[in-house]
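**Student:** See protein_15.cif below, with mmCIF, C-alpha atoms and all ligand atoms.
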data_input
#
loop_
_atom_site.label_atom_id
_atom_site.label_comp_id
_atom_site.auth_asym_id
_atom_site.auth_seq_id
_atom_site.Cartn_x
_atom_site.Cartn_y
_atom_site.Cartn_z
CA MET A 399 -32.03 -92.12 14.96
CA THR A 400 -29.58 -92.57 12.11
CA PRO A 401 -30.48 -89.89 9.63
CA GLY A 402 -30.57 -91.10 6.10
CA GLY A 403 -33.04 -88.46 4.99
CA ARG A 404 -32.79 -85.95 2.24
CA VAL A 405 -30.25 -83.17 2.28
CA VAL A 406 -31.63 -80.09 4.03
CA ILE A 407 -28.66 -77.74 3.68
CA ARG A 408 -26.13 -78.16 0.92
CA THR A 409 -23.16 -75.94 0.19
CA ARG A 410 -21.04 -76.14 -2.92
CA ALA A 411 -17.54 -74.67 -3.00
CA LEU A 412 -18.69 -72.18 -0.37
CA THR A 413 -16.01 -69.56 0.15
CA ARG A 414 -15.67 -66.38 2.18
CA VAL A 415 -12.61 -64.23 1.81
CA PHE A 416 -11.70 -61.44 4.24
CA ARG A 417 -9.14 -59.11 2.70
CA GLY A 418 -7.43 -61.93 0.84
CA PHE A 419 -7.78 -64.43 3.72
CA ARG A 420 -9.92 -67.48 2.96
CA ALA A 421 -11.81 -67.97 6.25
CA VAL A 422 -14.11 -70.53 4.58
CA ASP A 423 -12.53 -72.17 1.59
CA ALA A 424 -14.43 -74.27 -0.95
CA VAL A 425 -16.61 -76.06 1.59
CA ASP A 426 -19.00 -78.76 0.36
CA LEU A 427 -21.28 -79.48 3.30
CA GLU A 428 -24.37 -81.65 3.42
CA VAL A 429 -26.70 -81.61 6.39
CA ARG A 430 -29.27 -84.39 6.38
CA GLU A 431 -32.82 -84.10 7.54
CA GLY A 432 -33.33 -85.18 11.14
CA SER A 433 -29.63 -85.15 11.95
CA VAL A 434 -27.82 -83.38 14.76
CA HIS A 435 -24.76 -82.12 12.97
CA ALA A 436 -21.78 -80.61 14.79
CA LEU A 437 -19.26 -78.19 13.30
CA VAL A 438 -15.99 -78.41 15.18
CA GLY A 439 -12.39 -77.41 14.68
CA PRO A 440 -9.53 -75.54 16.28
CA ASN A 441 -9.72 -71.79 16.94
CA GLY A 442 -9.93 -69.81 13.74
CA ALA A 443 -10.96 -72.86 11.67
CA GLY A 444 -13.89 -70.96 10.16
CA LYS A 445 -16.81 -72.41 12.16
CA THR A 446 -18.42 -69.09 13.02
CA THR A 447 -17.91 -67.76 9.52
CA LEU A 448 -19.54 -70.87 8.05
CA PHE A 449 -22.39 -70.58 10.53
CA ASN A 450 -22.91 -66.95 9.55
CA LEU A 451 -22.90 -67.89 5.87
CA LEU A 452 -25.50 -70.63 6.41
CA THR A 453 -27.85 -68.22 8.18
CA GLY A 454 -27.40 -65.27 5.83
CA PHE A 455 -25.56 -63.10 8.35
CA LEU A 456 -22.63 -63.04 5.94
CA ALA A 457 -22.71 -63.23 2.16
CA PRO A 458 -20.33 -65.67 0.51
CA THR A 459 -17.55 -64.49 -1.75
CA SER A 460 -18.34 -67.45 -4.03
CA GLY A 461 -20.09 -70.80 -3.97
CA THR A 462 -23.72 -71.69 -3.31
CA ILE A 463 -26.05 -72.62 -0.45
CA THR A 464 -29.32 -74.44 -0.91
CA VAL A 465 -31.98 -75.11 1.70
CA PHE A 466 -34.45 -77.85 0.82
CA ASP A 467 -33.05 -77.60 -2.73
CA GLU A 468 -33.83 -73.91 -3.04
CA ASP A 469 -30.99 -71.52 -3.66
CA VAL A 470 -30.60 -69.13 -0.72
CA THR A 471 -27.13 -67.86 -1.61
CA GLY A 472 -26.78 -64.23 -0.58
CA LEU A 473 -30.28 -63.93 0.93
CA PRO A 474 -30.55 -61.87 4.14
CA PRO A 475 -31.14 -63.65 7.48
CA GLU A 476 -34.88 -63.04 7.65
CA ARG A 477 -35.38 -64.62 4.23
CA VAL A 478 -33.21 -67.60 5.09
CA ALA A 479 -35.25 -67.93 8.29
CA ARG A 480 -38.43 -67.95 6.23
CA ARG A 481 -37.10 -71.00 4.40
CA GLY A 482 -36.99 -72.75 7.75
CA VAL A 483 -33.47 -72.09 9.03
CA ALA A 484 -33.32 -70.16 12.31
CA ARG A 485 -30.38 -69.60 14.59
CA SER A 486 -30.17 -69.15 18.31
CA PHE A 487 -30.23 -65.60 19.60
CA GLN A 488 -27.23 -64.42 21.53
CA ILE A 489 -27.44 -63.34 25.15
CA THR A 490 -26.38 -59.90 24.00
CA SER A 491 -29.74 -59.60 22.26
CA LEU A 492 -31.75 -60.19 25.44
CA PHE A 493 -33.28 -57.15 27.12
CA ASP A 494 -32.36 -56.96 30.80
CA THR A 495 -35.63 -55.37 31.89
CA LEU A 496 -37.99 -57.65 29.98
CA THR A 497 -39.19 -60.84 31.62
CA CYS A 498 -38.78 -64.33 30.17
CA ARG A 499 -42.45 -64.31 29.24
CA GLU A 500 -42.16 -60.97 27.45
CA HIS A 501 -39.18 -62.17 25.44
CA VAL A 502 -41.05 -65.22 24.21
CA GLU A 503 -44.14 -63.09 23.45
CA LEU A 504 -41.98 -60.86 21.28
CA ALA A 505 -40.43 -63.77 19.43
CA LEU A 506 -43.86 -65.26 18.74
CA GLN A 507 -45.26 -61.95 17.55
CA GLY A 508 -42.32 -61.37 15.26
CA HIS A 509 -42.85 -64.82 13.84
CA SER A 510 -46.57 -64.39 13.28
CA ARG A 511 -45.73 -61.33 11.18
CA GLN A 512 -47.34 -58.80 13.44
CA GLY A 513 -43.85 -57.47 13.37
CA PHE A 514 -42.40 -56.00 16.47
CA ARG A 515 -45.21 -53.50 17.01
CA PHE A 516 -45.56 -54.96 20.45
CA TRP A 517 -47.59 -54.02 23.47
CA ARG A 518 -50.50 -52.95 21.32
CA SER A 519 -53.18 -54.49 23.44
CA GLU A 520 -53.68 -56.87 26.29
CA LYS A 521 -55.70 -59.02 23.95
CA LEU A 522 -52.81 -59.43 21.59
CA LEU A 523 -50.45 -60.30 24.40
CA GLY A 524 -52.85 -62.82 25.84
CA ARG A 525 -53.27 -64.59 22.55
CA HIS A 526 -49.92 -66.27 22.72
CA ARG A 527 -50.10 -67.07 26.40
CA ALA A 528 -50.63 -70.80 26.12
CA ARG A 529 -47.82 -71.17 23.61
CA VAL A 530 -45.53 -68.99 25.71
CA ASP A 531 -46.13 -71.20 28.74
CA GLU A 532 -45.46 -74.29 26.68
CA LEU A 533 -42.16 -72.92 25.35
CA LEU A 534 -41.00 -71.76 28.78
CA ALA A 535 -41.88 -75.15 30.22
CA GLN A 536 -39.96 -76.89 27.44
CA VAL A 537 -36.74 -75.11 28.38
CA GLY A 538 -37.36 -75.39 32.13
CA LEU A 539 -38.08 -71.70 32.75
CA MET A 540 -41.75 -71.83 33.69
CA SER A 541 -41.10 -71.00 37.33
CA LEU A 542 -39.06 -67.97 36.20
CA ALA A 543 -41.58 -66.74 33.63
CA ASP A 544 -41.99 -63.32 35.25
CA LYS A 545 -38.37 -62.78 36.15
CA GLN A 546 -36.44 -60.12 34.26
CA ALA A 547 -33.81 -61.51 31.93
CA GLY A 548 -31.15 -59.34 33.52
CA LEU A 549 -31.64 -61.20 36.80
CA LEU A 550 -31.29 -64.70 35.35
CA ALA A 551 -28.27 -66.89 35.93
CA TYR A 552 -26.07 -67.51 32.90
CA GLY A 553 -27.42 -70.99 32.15
CA GLN A 554 -30.98 -69.69 32.43
CA LYS A 555 -30.21 -66.96 29.89
CA ARG A 556 -28.95 -69.58 27.48
CA ALA A 557 -32.14 -71.59 28.05
CA LEU A 558 -34.16 -68.46 27.25
CA GLU A 559 -32.25 -68.10 23.99
CA LEU A 560 -33.32 -71.62 23.11
CA ALA A 561 -36.95 -70.79 23.86
CA LEU A 562 -36.69 -67.80 21.51
CA VAL A 563 -35.40 -69.86 18.61
CA LEU A 564 -38.01 -72.55 19.34
CA ALA A 565 -40.73 -69.89 19.15
CA LEU A 566 -39.96 -69.71 15.44
CA ASP A 567 -40.60 -73.44 15.26
CA PRO A 568 -37.92 -73.88 12.63
CA PRO A 569 -37.44 -77.22 10.87
CA VAL A 570 -33.72 -76.44 10.92
CA MET A 571 -32.22 -74.99 14.07
CA LEU A 572 -28.68 -73.62 14.21
CA LEU A 573 -27.13 -73.27 17.64
CA ASP A 574 -23.96 -71.28 18.14
CA GLU A 575 -21.99 -72.76 21.03
CA PRO A 576 -25.05 -73.65 23.13
CA THR A 577 -22.90 -74.60 26.13
CA ALA A 578 -20.19 -71.93 25.91
CA GLY A 579 -19.17 -70.62 29.31
CA MET A 580 -21.33 -73.09 31.27
CA GLY A 581 -20.44 -75.12 34.31
CA ILE A 582 -20.76 -78.90 34.09
CA GLU A 583 -24.29 -79.05 35.52
CA ASP A 584 -25.63 -76.52 33.04
CA VAL A 585 -23.78 -78.31 30.25
CA ASP A 586 -25.48 -81.61 31.06
CA ARG A 587 -28.86 -79.94 31.38
CA THR A 588 -28.37 -78.22 28.03
CA ILE A 589 -27.38 -81.49 26.36
CA GLU A 590 -30.66 -83.02 27.56
CA LEU A 591 -32.59 -79.97 26.45
CA VAL A 592 -31.08 -79.84 22.96
CA ARG A 593 -31.66 -83.57 22.60
CA ARG A 594 -35.36 -83.07 23.32
CA LEU A 595 -35.65 -80.03 21.09
CA ALA A 596 -33.92 -81.86 18.26
CA SER A 597 -36.68 -84.40 18.02
CA GLY A 598 -38.41 -83.92 14.68
CA ARG A 599 -35.94 -81.27 13.55
CA THR A 600 -32.55 -80.88 12.01
CA VAL A 601 -29.96 -79.25 14.27
CA VAL A 602 -26.58 -77.81 13.31
CA PHE A 603 -24.41 -76.62 16.16
CA VAL A 604 -20.95 -75.31 16.85
CA ASP A 605 -19.36 -76.32 20.14
CA HIS A 606 -15.87 -76.57 21.51
CA ASN A 607 -16.85 -79.06 24.19
CA MET A 608 -16.18 -82.58 22.91
CA HIS A 609 -18.38 -84.09 25.61
CA VAL A 610 -21.27 -82.09 24.14
CA VAL A 611 -20.37 -83.04 20.58
CA GLY A 612 -20.03 -86.73 21.50
CA SER A 613 -23.32 -86.72 23.40
CA LEU A 614 -25.41 -84.98 20.77
CA ALA A 615 -24.03 -85.22 17.28
CA ASP A 616 -24.76 -88.03 14.90
CA ARG A 617 -22.57 -86.35 12.32
CA VAL A 618 -19.47 -84.25 12.82
CA THR A 619 -17.70 -82.00 10.35
CA VAL A 620 -14.19 -80.99 11.37
CA LEU A 621 -12.92 -77.75 9.88
CA GLN A 622 -9.34 -76.58 9.72
CA GLN A 623 -8.12 -73.42 8.05
CA GLY A 624 -11.45 -72.94 6.35
CA ARG A 625 -11.58 -76.41 4.82
CA ILE A 626 -13.25 -79.67 5.74
CA LEU A 627 -10.58 -81.83 7.33
CA ALA A 628 -12.73 -84.82 8.23
CA GLU A 629 -16.36 -85.84 8.45
CA GLY A 630 -18.25 -88.75 9.94
CA GLY A 631 -19.63 -90.09 13.19
CA TYR A 632 -18.09 -88.80 16.42
CA ASP A 633 -16.09 -91.96 17.14
CA GLU A 634 -14.84 -92.06 13.59
CA VAL A 635 -13.52 -88.48 13.45
CA ARG A 636 -12.16 -88.64 16.99
CA GLN A 637 -9.77 -91.39 15.94
CA ASP A 638 -8.80 -89.72 12.69
CA GLU A 639 -5.05 -89.00 12.72
CA ARG A 640 -5.50 -85.69 10.88
CA VAL A 641 -8.01 -84.52 13.46
CA ILE A 642 -5.78 -85.53 16.36
CA THR A 643 -2.87 -83.67 14.80
CA ALA A 644 -4.98 -80.55 14.18
CA TYR A 645 -6.08 -80.43 17.82
CA LEU A 646 -2.61 -81.24 19.16
CA GLY A 647 -1.29 -78.39 17.04
CA GLU A 648 -3.78 -76.12 18.70
CA ALA A 649 -2.81 -77.31 22.18
CA GLU A 650 0.87 -76.68 21.43
CA HIS A 651 0.13 -73.13 20.38
CA ALA A 652 -2.16 -72.42 23.29
N1 LIG A 701 -14.85 -60.02 9.78
C1 LIG A 701 -13.63 -60.56 9.64
N2 LIG A 701 -12.61 -59.88 9.10
C2 LIG A 701 -11.40 -60.42 8.97
N3 LIG A 701 -11.09 -61.68 9.32
C3 LIG A 701 -12.06 -62.42 9.87
C4 LIG A 701 -13.39 -61.91 10.06
N4 LIG A 701 -14.15 -62.90 10.62
C5 LIG A 701 -13.32 -63.95 10.79
N5 LIG A 701 -12.09 -63.68 10.34
C6 LIG A 701 -10.95 -64.59 10.33
O1 LIG A 701 -11.36 -65.80 9.74
C7 LIG A 701 -10.80 -66.92 10.44
C8 LIG A 701 -11.91 -67.85 10.87
O2 LIG A 701 -12.64 -67.21 11.92
P1 LIG A 701 -13.90 -67.88 12.61
O3 LIG A 701 -14.34 -66.95 13.66
O4 LIG A 701 -14.87 -68.28 11.57
O5 LIG A 701 -13.24 -69.18 13.23
P2 LIG A 701 -13.83 -70.16 14.35
O6 LIG A 701 -13.54 -71.53 13.90
O7 LIG A 701 -15.24 -69.82 14.64
O8 LIG A 701 -12.91 -69.78 15.59
P3 LIG A 701 -13.23 -69.83 17.17
O9 LIG A 701 -13.31 -71.27 17.53
O10 LIG A 701 -12.03 -69.18 17.75
O11 LIG A 701 -14.50 -69.08 17.40
C9 LIG A 701 -9.98 -66.35 11.60
O12 LIG A 701 -8.63 -66.33 11.22
C10 LIG A 701 -10.52 -64.95 11.77
O13 LIG A 701 -9.53 -64.09 12.23
#
Using structure tokens, write down the structure that the file contains.
**Tutor:**
Amino acid sequence: MTPGGRVVIRTRALTRVFRGFRAVDAVDLEVREGSVHALVGPNGAGKTTLFNLLTGFLAPTSGTITVFDEDVTGLPPERVARRGVARSFQITSLFDTLTCREHVELALQGHSRQGFRFWRSEKLLGRHRARVDELLAQVGLMSLADKQAGLLAYGQKRALELALVLALDPPVMLLDEPTAGMGIEDVDRTIELVRRLASGRTVVFVDHNMHVVGSLADRVTVLQQGRILAEGGYDEVRQDERVITAYLGEAEHA
């Protein structure tokens, strides 16, 4: 689908300064409804900082962020999430001794505002069962539903993270390096998975793997030194001289 929809996330002159250093510098970003939008750029370009700003994990030094035309600048993550923007959990937030099923139960309960007062009754746990099964099946973990997260392979843990963000059923899903550290098979499986999950949603993701970006993104924003260097379709930005130079520069310094 070529997204021509309304703007879901808009930033204006978004800036974050760390002790005088402008990690994100006057960024005007527009993410369109229904798009899969990649944020790329060399190391230190400001991708993670921008991602954290968009999800409320960091407050901007200046500039604004709107979600569906509502100002969310400076709101904490849970309030940004309530406006429909949810990010993927990190593996570090998985509990080794809880099973896949229990993780998804927790995410669903948190979302349905029962808070995390979990394990209150069997009845409560059972209530989400059908939805839990559906989510686990969606990410290919149904056969591992009762396995403890600590015993999962790396790619399976990343799939569980996706199930947790899906449990929130967010219209806008932000994925932080969904294929980081994966072998080629897991990468290809994750591409397929994200493609399916993106249907009917807007997805913003950060990834270093250009195969992933080229396979998934219908819009790419290239950052360099906190600023937008180029923006467009994958083929367009890939051939952009400034982008090539930025990446070559990185390779030379590697
Ligand atoms: N909390 C912080 N305090 C000080 N400087 C920071 C902080 N967070 C990020 N920076 C600096 O801001 C710049 C951008 O960092 P950021 O992590 O956003 O880049 P990135 O594009 O995500 O890089 P990478 O691809 O390596 O993850 C870097 O120079 C980094 O050192």
**Student:** Produce as an NGL selection string the set of residues near ligand LIG 701 (chain A), where near means within 8 Å with all atoms listed in the file considered.
**Tutor:** :A and (416-417 or 419-422 or 438-449 or 606 or 621-624)
**Student:** Could you state the separation of atom CA of A:Gln536 and atom CA of A:Arg599 in Å, given to one decimal place?
**Tutor:** 15.1 Å
**Student:** List the neighbours of A:Glu476 out to 10 Å using all atoms listed in the file; skip same-chain residues closer than 6 positions along the sequence, and give me the result as a ChimeraX atom specification.
**Tutor:** /A:453-455,482-484
**Student:** Hey, which of A:Leu533, A:Leu572, A:Val405, A:Leu412 ends up closest to A:Thr462? Count all atoms listed in the file.
**Tutor:**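 Selected residue with least distance to A:Thr462: A:Leu412.
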**Student:** Find the distance between atom CA of A:Ala457 and atom CA of A:Arg485 and write it in Å to one decimal.
**Tutor:**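 About the pair atom CA of A:Ala457 and atom CA of A:Arg485: they are 15.9 Å apart.
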**Student:** Of the candidates A:Leu558, A:Cys498, A:Val570, A:Met540, which shows the shortest atom-to-atom distance to A:Val478, using all atoms listed in the file?
**Tutor:**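 Closest residue, counting all atoms listed in the file: A:Val570.
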**Student:** Please measure the separation of atom CA of A:Leu496 and atom CA of A:Ala535, giving the value in Å to one decimal.
**Tutor:**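 Between atom CA of A:Leu496 and atom CA of A:Ala535 the gap works out to 17.9 Å.
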**Student:** Find, counting only C-alpha atoms, the residue in A:Ile463, A:Val470, A:Val530, A:Leu573 that gets nearest to A:Ser486.
**Tutor:**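 Closest to A:Ser486, using only C-alpha atoms: A:Leu573.
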**Student:** Extract, using all atoms listed in the file, all DNA, RNA and protein residues at most 12 Å from A:Gly538, discarding same-chain residues fewer than 2 positions from it, and format them as a PDB file with C-alpha atoms, keeping the file's coordinate frame.
**Tutor:**
ATOM      1  CA  CYS A 498     -38.780 -64.330  30.170  1.00  0.00           C
ATOM      2  CA  ASP A 531     -46.130 -71.200  28.740  1.00  0.00           C
ATOM      3  CA  GLU A 532     -45.460 -74.290  26.680  1.00  0.00           C
ATOM      4  CA  LEU A 533     -42.160 -72.920  25.350  1.00  0.00           C
ATOM      5  CA  LEU A 534     -41.000 -71.760  28.780  1.00  0.00           C
ATOM      6  CA  ALA A 535     -41.880 -75.150  30.220  1.00  0.00           C
ATOM      7  CA  GLN A 536     -39.960 -76.890  27.440  1.00  0.00           C
ATOM      8  CA  MET A 540     -41.750 -71.830  33.690  1.00  0.00           C
ATOM      9  CA  SER A 541     -41.100 -71.000  37.330  1.00  0.00           C
ATOM     10  CA  LEU A 542     -39.060 -67.970  36.200  1.00  0.00           C
ATOM     11  CA  ALA A 543     -41.580 -66.740  33.630  1.00  0.00           C
ATOM     12  CA  GLY A 553     -27.420 -70.990  32.150  1.00  0.00           C
ATOM     13  CA  GLN A 554     -30.980 -69.690  32.430  1.00  0.00           C
ATOM     14  CA  LYS A 555     -30.210 -66.960  29.890  1.00  0.00           C
ATOM     15  CA  ARG A 556     -28.950 -69.580  27.480  1.00  0.00           C
ATOM     16  CA  ALA A 557     -32.140 -71.590  28.050  1.00  0.00           C
ATOM     17  CA  LEU A 558     -34.160 -68.460  27.250  1.00  0.00           C
ATOM     18  CA  LEU A 560     -33.320 -71.620  23.110  1.00  0.00           C
ATOM     19  CA  ALA A 561     -36.950 -70.790  23.860  1.00  0.00           C
ATOM     20  CA  ASP A 584     -25.630 -76.520  33.040  1.00  0.00           C
ATOM     21  CA  ARG A 587     -28.860 -79.940  31.380  1.00  0.00           C
ATOM     22  CA  THR A 588     -28.370 -78.220  28.030  1.00  0.00           C
ATOM     23  CA  GLU A 590     -30.660 -83.020  27.560  1.00  0.00           C
ATOM     24  CA  LEU A 591     -32.590 -79.970  26.450  1.00  0.00           C
ATOM     25  CA  VAL A 592     -31.080 -79.840  22.960  1.00  0.00           C
ATOM     26  CA  ARG A 594     -35.360 -83.070  23.320  1.00  0.00           C
TER      27      ARG A 594
END
**Student:** Restricting the calculation to all atoms listed in the file, which member of A:Leu614, A:Ile407, A:Val429, A:Leu550 is positioned closest to A:Glu629?
**Tutor:**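 Of all the options, A:Val429 lies closest to A:Glu629.
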**Student:** Would you please work out which residue, of A:Asp586, A:Asp423, A:Asp544, A:Glu639, is nearest to A:Gly461 when using only C-alpha atoms?
**Tutor:** A:Asp423
**Student:** Ranking A:Leu549, A:Val537, A:Leu451, A:Val563 by minimum distance to A:Ala505 and counting all atoms listed in the file, which one comes first?
**Tutor:**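 Closest residue, counting all atoms listed in the file: A:Val563.
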